[in-house]
Amino acid sequence: MTGQLQVNRALFDEVMVPNYAPAGIIPVQGKGSRVWDQQGREYIDFAGGIAVSSLGHCHPALVNALKQQADKLWHLSNVMTNEPALRLAKKLVDATFADKVYFANSGAEANEAAFKLARRYALDKFGTDKDQIISFSKSFHGRTFFTVTVGGQAAYSDGFGPKPGAVLHAEFNNLDSVKALISDKTCAVVLEPIQGEGGIIPATADFIRGVRELCNKHNALLVLDEVQTGVGRTGKLYAYMHYGVTPDILTTAKSLGGGFPVGAMLTTNEIASHLKVGTHGSTYGGNPLACAVAEAVLDTVNTADMMRQVLENEQLFRDELQRINAKYQVFSEVRGQGMLLGAVLNDKFKGRSRDFFLAAAEHGLMALVAGADVVRFAPSLVITGDDIRQGMQRFEQAVQQVVNA
Ligand SMILES: *Cc1c(COP(=O)(O)O)cnc(C)c1O
């Protein structure tokens with residue numbers, strides 16, 4: 001073959017399964033919170049690849065960890081003991097409530113492991129009647145058939161034939177709706193501390209604490225899905241640390257790899273003991289390249305200075321959004337925490353988040369949506385004040401364009 005195939009947007013329609021509808025932008029390079037496309041156009045990245053690029057693009061510590069491991073060893077099967085995986089597991093255990101770690105390659109896989117473990121634990125300890133999983137409307141837990149069924153958007157799980165059973169949905173932030181469903185048949189309640197895909201909806205502290213108490217009362221496990229909120233994004237290493245509530249199982253992915261695919265399920269010794277040899281597994285889970293990068297992410301993120309910076313960045317984001325809103329009146333509120341924020345469109349602009357997203361891209365800013373009514377921001381935790389201010393100037397131009405259209 002001579003030379004590389006020229007890639008353009010039309011090639012997507014030609015060769016890709018049509019389950020995505022990507023914008024026409026073709027980014028080819030990134031550094032920090034700046035990204036460049038094929039034509040050399042520059043973008044400021046307020047999206048972070050949907051809360052993934054936690055340290056921006058090509059952070060030197062991550063590039064170094066990846067290159068060093070790439071020269072040593074890429075893959076090990078799970079029949080061998082694995083240095084990078086155990087180093088990362090030890091650091092996750094030391095930094096959290098957990099005693100034990102299971103590695104996966106994505107958020108959905110980490111949740112799949114969590115739900116299977118919750119079922120197995122209940123079966124072993126309490127028998128076949130305790131199999132119900134309670135989750136919440138609008139929740140999102142991944143796209144495998146089990147995780148998408150536990151998720152609270154039927155539109156995502158319908159149309160694939162019979163679903164995994166014994167999954168119930170309560171209303172988020174409504175403790176009475178949980179009380180109405182929970183019983184001794186409940187094996188687990190699954191909850192995102194901030195619903196991400198559902199529209200950046202934070203759980204209230206009272207709600208999380210109330211769910212914890214209900215779980216205790218009914219011997220049900222509390223599973224916190226921190227795939228989007230984890231690894232420093234909310235200004236603590238994990239969002240549960242804000243509430244004084246300890247989960248039984250926690251799942252983490254997205255920011256954990258800073259762009260390298262990795263996921264993990266964290267739990268206690270007692271619960272972990274029910275995932276005996278042969279009960280679950282993954283070929284790539286614990287991949288040395290992934291774990292070496294994730295260790296560098298964790299080392300870089302898990303410091304008091306970093307958590308302070310996340311909260312300072314949040315304040316700057318909120319100030320800038322408020323400044324823009326004072327001029328154009330497009331948002332009813334800004335919600336979320338740390339570097340996971342949602343600007344909620346007011347009645348006049350309801351349903352038009354994609355218009356803001358597209359206008360932002362036209363003006364050199366990568367933003368996100370979270371449903372039709374929320375413009376979402378999930379930038380790098382280490383985005384600079386200058387990048388935030390310049391990005392907000394571009395976002396202001398986008399808002400002006402939508403308002404004047
Ligand atoms: C993104 C996300 C997932 C799914 O993660 P994948 O890596 O896409 O499988 C699960 N739960 C939450 C809360 C998420 O935001």
# chains A, B, ... in the order shown; residues from 1 in each chain; ligands from 1
call {"tool": "residues_near_ligand", "arguments": {"ligand": "ligand 1", "cutoff": "10 Å", "atoms": "only C-alpha atoms and all ligand atoms", "output": "PDB file with C-alpha atoms, in the first residue's frame"}}
result
ATOM      1  CA  ILE A  50     -17.363  12.977  27.513  1.00  0.00           C
ATOM      2  CA  ALA A  51     -15.607  13.218  30.888  1.00  0.00           C
ATOM      3  CA  VAL A  52     -12.745  10.954  29.805  1.00  0.00           C
ATOM      4  CA  ALA A 104     -12.635  -4.207  33.137  1.00  0.00           C
ATOM      5  CA  ASN A 105     -12.232  -2.178  29.950  1.00  0.00           C
ATOM      6  CA  SER A 106     -15.196   0.182  30.134  1.00  0.00           C
ATOM      7  CA  GLY A 107     -17.895   1.580  32.358  1.00  0.00           C
ATOM      8  CA  ALA A 108     -20.509  -0.841  31.102  1.00  0.00           C
ATOM      9  CA  GLU A 109     -18.252  -3.795  31.847  1.00  0.00           C
ATOM     10  CA  ALA A 110     -17.493  -2.515  35.345  1.00  0.00           C
ATOM     11  CA  ASN A 111     -21.252  -2.192  35.954  1.00  0.00           C
ATOM     12  CA  GLU A 112     -21.949  -5.591  34.425  1.00  0.00           C
ATOM     13  CA  SER A 139     -30.129   6.758  34.844  1.00  0.00           C
ATOM     14  CA  PHE A 140     -27.415   5.483  32.518  1.00  0.00           C
ATOM     15  CA  HIS A 141     -25.179   2.503  33.253  1.00  0.00           C
ATOM     16  CA  GLY A 142     -23.849   1.425  29.859  1.00  0.00           C
ATOM     17  CA  ARG A 143     -24.963  -0.389  26.724  1.00  0.00           C
ATOM     18  CA  THR A 144     -24.560  -4.095  27.405  1.00  0.00           C
ATOM     19  CA  THR A 147     -26.593  -2.548  32.064  1.00  0.00           C
ATOM     20  CA  VAL A 148     -28.850  -0.823  29.534  1.00  0.00           C
ATOM     21  CA  GLY A 151     -30.545   2.075  33.033  1.00  0.00           C
ATOM     22  CA  LEU A 191     -27.290   5.103  41.708  1.00  0.00           C
ATOM     23  CA  GLU A 192     -25.206   7.771  39.970  1.00  0.00           C
ATOM     24  CA  PRO A 193     -24.187  10.513  42.475  1.00  0.00           C
ATOM     25  CA  ILE A 194     -24.777  12.950  39.613  1.00  0.00           C
ATOM     26  CA  GLN A 195     -26.870  11.595  36.755  1.00  0.00           C
ATOM     27  CA  GLY A 196     -24.683  12.392  33.754  1.00  0.00           C
ATOM     28  CA  GLU A 197     -26.382  11.292  30.556  1.00  0.00           C
ATOM     29  CA  GLY A 198     -29.742  11.980  32.236  1.00  0.00           C
ATOM     30  CA  LEU A 224     -22.591   3.706  43.182  1.00  0.00           C
ATOM     31  CA  ASP A 225     -21.941   4.168  39.483  1.00  0.00           C
ATOM     32  CA  GLU A 226     -19.113   6.711  39.497  1.00  0.00           C
ATOM     33  CA  VAL A 227     -18.134   6.078  35.902  1.00  0.00           C
ATOM     34  CA  GLN A 228     -18.756   9.758  35.075  1.00  0.00           C
ATOM     35  CA  THR A 229     -18.297  11.376  38.523  1.00  0.00           C
ATOM     36  CA  GLY A 230     -15.135   9.535  39.569  1.00  0.00           C
ATOM     37  CA  THR A 251     -17.709   1.423  39.547  1.00  0.00           C
ATOM     38  CA  THR A 252     -15.228   3.727  37.837  1.00  0.00           C
ATOM     39  CA  ALA A 253     -14.040   4.169  34.252  1.00  0.00           C
ATOM     40  CA  LYS A 254     -14.028   7.238  31.919  1.00  0.00           C
ATOM     41  CA  SER A 255     -11.566   9.631  33.680  1.00  0.00           C
ATOM     42  CA  PRO A 261      -9.811   2.301  27.938  1.00  0.00           C
ATOM     43  CA  VAL A 262     -10.033   0.956  31.487  1.00  0.00           C
ATOM     44  CA  GLY A 263     -12.746   0.346  34.038  1.00  0.00           C
TER      45      GLY A 263
END
call {"tool": "residues_around", "arguments": {"residues": "Ser177 of chain A", "least_positions_apart": "5", "cutoff": "12 Å", "atoms": "only C-alpha atoms", "output": "ChimeraX atom specification"}}
result
/A:134-137,168-172,182,207,210-211,214
call {"tool": "residues_around", "arguments": {"residues": "Arg120 of chain A", "least_positions_apart": "3", "cutoff": "9 Å", "atoms": "only C-alpha atoms", "output": "VMD selection string"}}
result
chain A and resid 115 to 117 123 to 125 131 274 to 275
call {"tool": "atom_distance", "arguments": {"atom1": "atom CA of Arg318 of chain A", "atom2": "atom CA of Asp299 of chain A"}}
result
27.6 Å
call {"tool": "select_by_dssp", "arguments": {"residues": "segment 107-152 of chain A", "states": "strand (DSSP E or B)", "output": "PyMOL selection string"}}
result
chain A and resi 132-136
